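Engineer: Data file model-v7.txt (compact mmCIF, C-alpha atoms and all ligand atoms) is appended below.
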# COMPACT_ATOMS: atom_id res chain seq x y z
CA MET A 1 11.98 6.78 9.28
CA LEU A 2 8.65 6.93 7.48
CA GLU A 3 6.08 4.35 8.50
CA ILE A 4 3.88 2.40 6.13
CA LEU A 5 0.16 2.94 6.67
CA ARG A 6 -2.00 -0.14 6.42
CA ALA A 7 -5.51 -0.51 5.06
CA PRO A 8 -8.06 0.63 6.15
CA ASP A 9 -6.23 3.86 7.07
CA PRO A 10 -8.35 6.77 5.73
CA VAL A 11 -5.30 8.45 4.11
CA LEU A 12 -5.17 5.48 1.72
CA ARG A 13 -8.72 6.27 0.53
CA ALA A 14 -8.16 10.00 0.00
CA THR A 15 -7.42 11.68 -3.33
CA ALA A 16 -3.87 13.00 -3.01
CA ASP A 17 -2.98 16.63 -3.71
CA PRO A 18 -0.73 17.68 -6.59
CA CYS A 19 2.88 18.50 -5.80
CA GLU A 20 4.70 21.64 -6.89
CA PRO A 21 6.99 20.37 -9.68
CA GLY A 22 10.61 21.16 -8.86
CA ASP A 23 9.91 21.59 -5.12
CA GLU A 24 13.27 20.82 -3.49
CA ALA A 25 11.58 19.13 -0.52
CA LEU A 26 10.44 16.30 -2.81
CA LYS A 27 14.04 15.08 -3.15
CA GLU A 28 14.38 14.26 0.54
CA ILE A 29 10.88 12.79 0.77
CA SER A 30 11.35 10.57 -2.29
CA GLU A 31 14.73 9.38 -1.02
CA GLN A 32 13.10 8.30 2.23
CA MET A 33 10.26 6.67 0.32
CA ALA A 34 12.72 4.69 -1.80
CA GLU A 35 14.45 3.53 1.38
CA VAL A 36 11.13 2.28 2.79
CA MET A 37 10.32 0.58 -0.53
CA TYR A 38 13.65 -1.27 -0.68
CA ASN A 39 13.61 -2.18 3.01
CA ASN A 40 10.27 -3.90 2.48
CA ASN A 41 11.07 -5.50 -0.90
CA GLY A 42 8.44 -3.44 -2.69
CA CYS A 43 8.67 -2.52 -6.37
CA GLY A 44 6.74 0.71 -5.86
CA LEU A 45 5.52 3.06 -3.16
CA ALA A 46 3.10 5.98 -3.26
CA ALA A 47 3.35 8.93 -0.86
CA PRO A 48 -0.11 8.31 0.71
CA GLN A 49 1.25 4.93 1.89
CA VAL A 50 3.59 6.79 4.22
CA GLY A 51 0.90 9.25 5.29
CA LEU A 52 1.65 12.04 2.79
CA SER A 53 -1.40 12.80 0.68
CA LYS A 54 0.72 14.01 -2.26
CA ARG A 55 0.87 12.92 -5.91
CA LEU A 56 4.33 11.37 -5.69
CA ILE A 57 5.42 7.79 -6.36
CA VAL A 58 8.68 5.86 -6.42
CA ILE A 59 9.13 2.70 -8.44
CA ASP A 60 11.87 0.22 -9.26
CA VAL A 61 10.73 -2.94 -11.00
CA ALA A 62 14.25 -4.13 -11.88
CA TYR A 63 15.75 -4.20 -8.38
CA ASP A 64 17.59 -7.40 -7.54
CA THR A 65 17.17 -7.96 -3.79
CA GLU A 66 20.50 -9.85 -3.78
CA ASP A 67 22.38 -6.85 -5.13
CA GLU A 68 21.96 -3.47 -3.42
CA SER A 69 23.96 -1.74 -6.17
CA SER A 70 21.15 -2.54 -8.60
CA ARG A 71 18.92 0.04 -6.90
CA ASP A 72 17.72 2.54 -9.49
CA PRO A 73 14.51 4.19 -8.29
CA ILE A 74 12.40 6.32 -10.63
CA VAL A 75 10.58 9.17 -8.91
CA LEU A 76 7.37 10.36 -10.55
CA VAL A 77 5.86 13.68 -9.49
CA ASN A 78 2.20 14.29 -10.43
CA PRO A 79 2.07 11.18 -12.65
CA GLU A 80 -0.85 10.92 -15.08
CA ILE A 81 -1.78 7.94 -17.19
CA VAL A 82 -1.96 9.11 -20.80
CA GLU A 83 -2.51 5.72 -22.42
CA LEU A 84 -3.49 2.18 -21.49
CA ALA A 85 -3.48 -0.54 -24.11
CA GLY A 86 -3.65 -4.28 -24.72
CA ASP A 87 -6.02 -7.06 -23.77
CA PRO A 88 -6.59 -7.04 -20.00
CA VAL A 89 -4.51 -9.52 -18.03
CA ILE A 90 -5.31 -10.86 -14.54
CA ASP A 91 -2.31 -11.20 -12.24
CA GLY A 92 -1.75 -11.34 -8.50
CA GLU A 93 -0.77 -8.05 -6.85
CA GLY A 94 0.55 -7.40 -3.40
CA CYS A 95 0.71 -4.06 -1.63
CA LEU A 96 2.88 -2.89 1.27
CA SER A 97 -0.27 -1.34 2.77
CA CYS A 98 -2.19 -4.66 2.68
CA PRO A 99 0.55 -6.97 3.98
CA GLY A 100 0.30 -10.71 3.61
CA ILE A 101 -1.99 -11.08 0.61
CA SER A 102 -1.86 -11.38 -3.15
CA VAL A 103 -5.02 -10.35 -4.99
CA PRO A 104 -5.88 -11.00 -8.65
CA ILE A 105 -6.31 -7.69 -10.44
CA LYS A 106 -7.30 -7.26 -14.09
CA ARG A 107 -5.40 -4.56 -15.91
CA LYS A 108 -4.42 -3.61 -19.43
CA PRO A 109 -0.76 -4.57 -19.75
CA TYR A 110 0.60 -1.41 -21.36
CA ALA A 111 0.68 1.97 -19.64
CA LYS A 112 2.14 5.27 -20.73
CA VAL A 113 2.54 7.83 -17.94
CA ARG A 114 3.49 11.51 -18.05
CA TYR A 115 5.19 12.94 -14.96
CA TYR A 116 7.64 15.51 -13.65
CA ASN A 117 11.04 14.38 -12.48
CA LEU A 118 12.63 15.86 -9.35
CA ASP A 119 14.13 18.70 -11.40
CA GLY A 120 10.66 19.74 -12.54
CA GLU A 121 11.13 18.47 -16.10
CA LEU A 122 8.24 16.78 -17.90
CA TRP A 123 8.94 13.16 -18.86
CA GLU A 124 7.12 10.08 -20.04
CA ILE A 125 7.60 6.45 -19.15
CA ALA A 126 5.90 3.55 -20.85
CA GLY A 127 5.95 -0.19 -20.53
CA ASP A 128 4.05 -3.39 -20.07
CA GLY A 129 4.50 -6.41 -17.83
CA LEU A 130 5.50 -5.57 -14.27
CA LEU A 131 6.26 -1.93 -15.11
CA GLY A 132 2.84 -1.32 -16.67
CA ARG A 133 1.13 -3.00 -13.72
CA CYS A 134 3.20 -1.24 -11.09
CA LEU A 135 2.60 2.20 -12.63
CA GLN A 136 -1.16 1.61 -12.58
CA HIS A 137 -1.12 0.24 -9.02
CA GLU A 138 0.85 3.18 -7.62
CA ILE A 139 -1.21 5.80 -9.46
CA ASP A 140 -4.34 4.10 -8.06
CA HIS A 141 -2.98 4.94 -4.59
CA LEU A 142 -3.01 8.65 -5.52
CA ASN A 143 -6.71 8.33 -6.24
CA GLY A 144 -7.57 6.56 -2.99
CA ILE A 145 -7.78 3.13 -4.63
CA THR A 146 -6.33 0.10 -2.84
CA LEU A 147 -6.38 -3.59 -3.79
CA PHE A 148 -9.85 -3.88 -2.26
CA GLU A 149 -11.24 -1.33 -4.72
CA SER A 150 -9.41 -2.67 -7.80
CA VAL A 151 -10.27 -6.32 -7.26
CA ALA A 152 -13.30 -7.68 -9.16
CA PRO A 153 -16.46 -7.08 -7.07
CA GLU A 154 -17.14 -10.82 -6.72
CA LEU A 155 -13.70 -11.33 -5.13
CA ARG A 156 -13.83 -8.36 -2.78
CA ILE A 157 -15.09 -10.31 0.25
CA ASP A 158 -12.49 -13.02 -0.39
CA ALA A 159 -9.78 -10.35 -0.46
CA LEU A 160 -11.02 -8.77 2.78
CA ASN A 161 -11.19 -12.19 4.46
CA ALA A 162 -7.68 -13.01 3.28
CA TYR A 163 -6.48 -9.70 4.73
CA GLU A 164 -8.12 -10.46 8.10
CA GLU A 165 -6.37 -13.83 8.07
CA ALA A 166 -3.04 -12.15 7.21
CA LYS A 167 -3.52 -9.70 10.08
CA ALA A 168 -4.30 -12.58 12.46
CA GLN A 169 -1.07 -14.28 11.34
CA GLY A 170 0.85 -11.04 11.84
CA LEU A 171 2.15 -10.98 8.26
CA LYS A 172 4.44 -8.07 7.42
CA PRO A 173 4.76 -5.64 4.48
CA GLY A 174 6.50 -7.41 1.61
CA GLU A 175 4.83 -10.74 2.45
CA THR A 176 2.13 -11.99 0.08
CA GLY A 177 1.67 -15.59 1.24
CA ILE A 178 -2.14 -15.66 1.29
CA GLU A 179 -3.24 -15.81 -2.29
CA VAL A 180 -6.78 -14.87 -3.31
CA LYS A 181 -7.80 -17.04 -6.26
CA VAL A 182 -10.02 -16.22 -9.19
CA ARG A 183 -13.22 -18.28 -8.85
NI NI A 201 0.17 -0.61 -3.06
Could the structure of this file be written out as structure tokens, please?
Ligand code: NI
Structural biologist:
Amino acid sequence: MLEILRAPDPVLRATADPCEPGDEALKEISEQMAEVMYNNNGCGLAAPQVGLSKRLIVIDVAYDTEDESSRDPIVLVNPEIVELAGDPVIDGEGCLSCPGISVPIKRKPYAKVRYYNLDGELWEIAGDGLLGRCLQHEIDHLNGITLFESVAPELRIDALNAYEEAKAQGLKPGETGIEVKVR
């Protein structure tokens, strides 16, 4: 089973390498990533979070944790943001690699992303709300950006302190009980 790396692991700060679209090996890797995501109640997971510095993400923002049959992961190979739109919205984000905390992050609500599917076909996905936010969060991971880099500079120390507190409490991936507040 793949293990989730936690900040400040250096792999999380690296720029991930492109995948070969259509590479058969991505099917097995993404299946394992989806398993890790669901097991930890995440709505997205990027390959660097399991130690693979590759441009590959898995997301499922509609999963109902009460109903395993609702699992419907989307795998995005080499995803690129082609459009962001709308007035920026601040909302709390958690991350399986920064367990225990929720950090306010300002993002444009709408994102359009171009990617390859596992068969090597070029696709686009677009949405706002949780989908738009999740797409941007996971693609940030491919560029070495974690919550501590996306949070507003004046809240960065608060976020790091909250994370230290979460570590001291032994909080686990999927938990976001310590909420950093906008000042
Ligand atoms: Ni994350």
Engineer: Return as an MDAnalysis selection string the residues of protein, DNA or RNA that approach ligand NI 201 (chain A) to within 8 Å, with all atoms listed in the file taken into account.
Structural biologist: chainID A and resid 44:46 49 94:98 137:138 141 146:147
Engineer: Taking into account all atoms listed in the file, which residue in the set A:Leu171, A:Leu84, A:Ile178, A:Val103 is nearest to Arg6 in chain A?
Structural biologist: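 The shortest atom-to-atom distance to Arg6 in chain A comes from A:Leu171.
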Engineer: Nearest residue to Thr15 in chain A out of A:Val58, A:Leu142, A:Ile125, A:Ala152, using all atoms listed in the file?
Structural biologist: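 Counting all atoms listed in the file, the residue closest to Thr15 in chain A is A:Leu142.
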Engineer: Would you list the contacts of Asn117 in chain A as a ChimeraX atom specification, taking every protein, DNA or RNA residue within 9 Å and counting all atoms listed in the file, but skipping same-chain residues closer than 3 positions in sequence?
Structural biologist: /A:21-22,74-77,120-123
Engineer: Between CA of Gly127 in chain A and CA of Pro88 in chain A, what is the distance, to one decimal in Å?
Structural biologist: 14.3 Å
Engineer: One number please: CA of Lys167 in chain A to CA of Leu12 in chain A, in Å, one decimal.
Structural biologist: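 For CA of Lys167 in chain A relative to CA of Leu12 in chain A, the distance reads 17.4 Å.
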Engineer: Which one of A:Asp158, A:Asp17, A:Glu179, A:Glu68 sits closest to Gly92 in chain A if you count only C-alpha atoms?
Structural biologist: A:Glu179
Engineer: When you draw a straight line from CA of Ile139 in chain A to CA of Arg71 in chain A, how long is it in Å?
Structural biologist: 21.1 Å
Engineer: Taking only C-alpha atoms into account, which of A:Asp140, A:Glu164, A:Glu28, A:Asp60 comes nearest Gly42 in chain A?
Structural biologist: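 Smallest distance to Gly42 in chain A is found for A:Asp60.
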Engineer: Tell me which of A:Cys43, A:Ala126, A:Val113, A:Ala7 sits closest to Phe148 in chain A, counting all atoms listed in the file.
Structural biologist: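 Between A:Cys43, A:Ala126, A:Val113, A:Ala7, the residue approaching Phe148 in chain A most closely is A:Ala7.
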Engineer: Between A:Asn143, A:Leu118, A:Ile157, A:Asn40, which residue has the minimum interatomic distance to Ala25 in chain A, considering only C-alpha atoms?
Structural biologist: A:Leu118
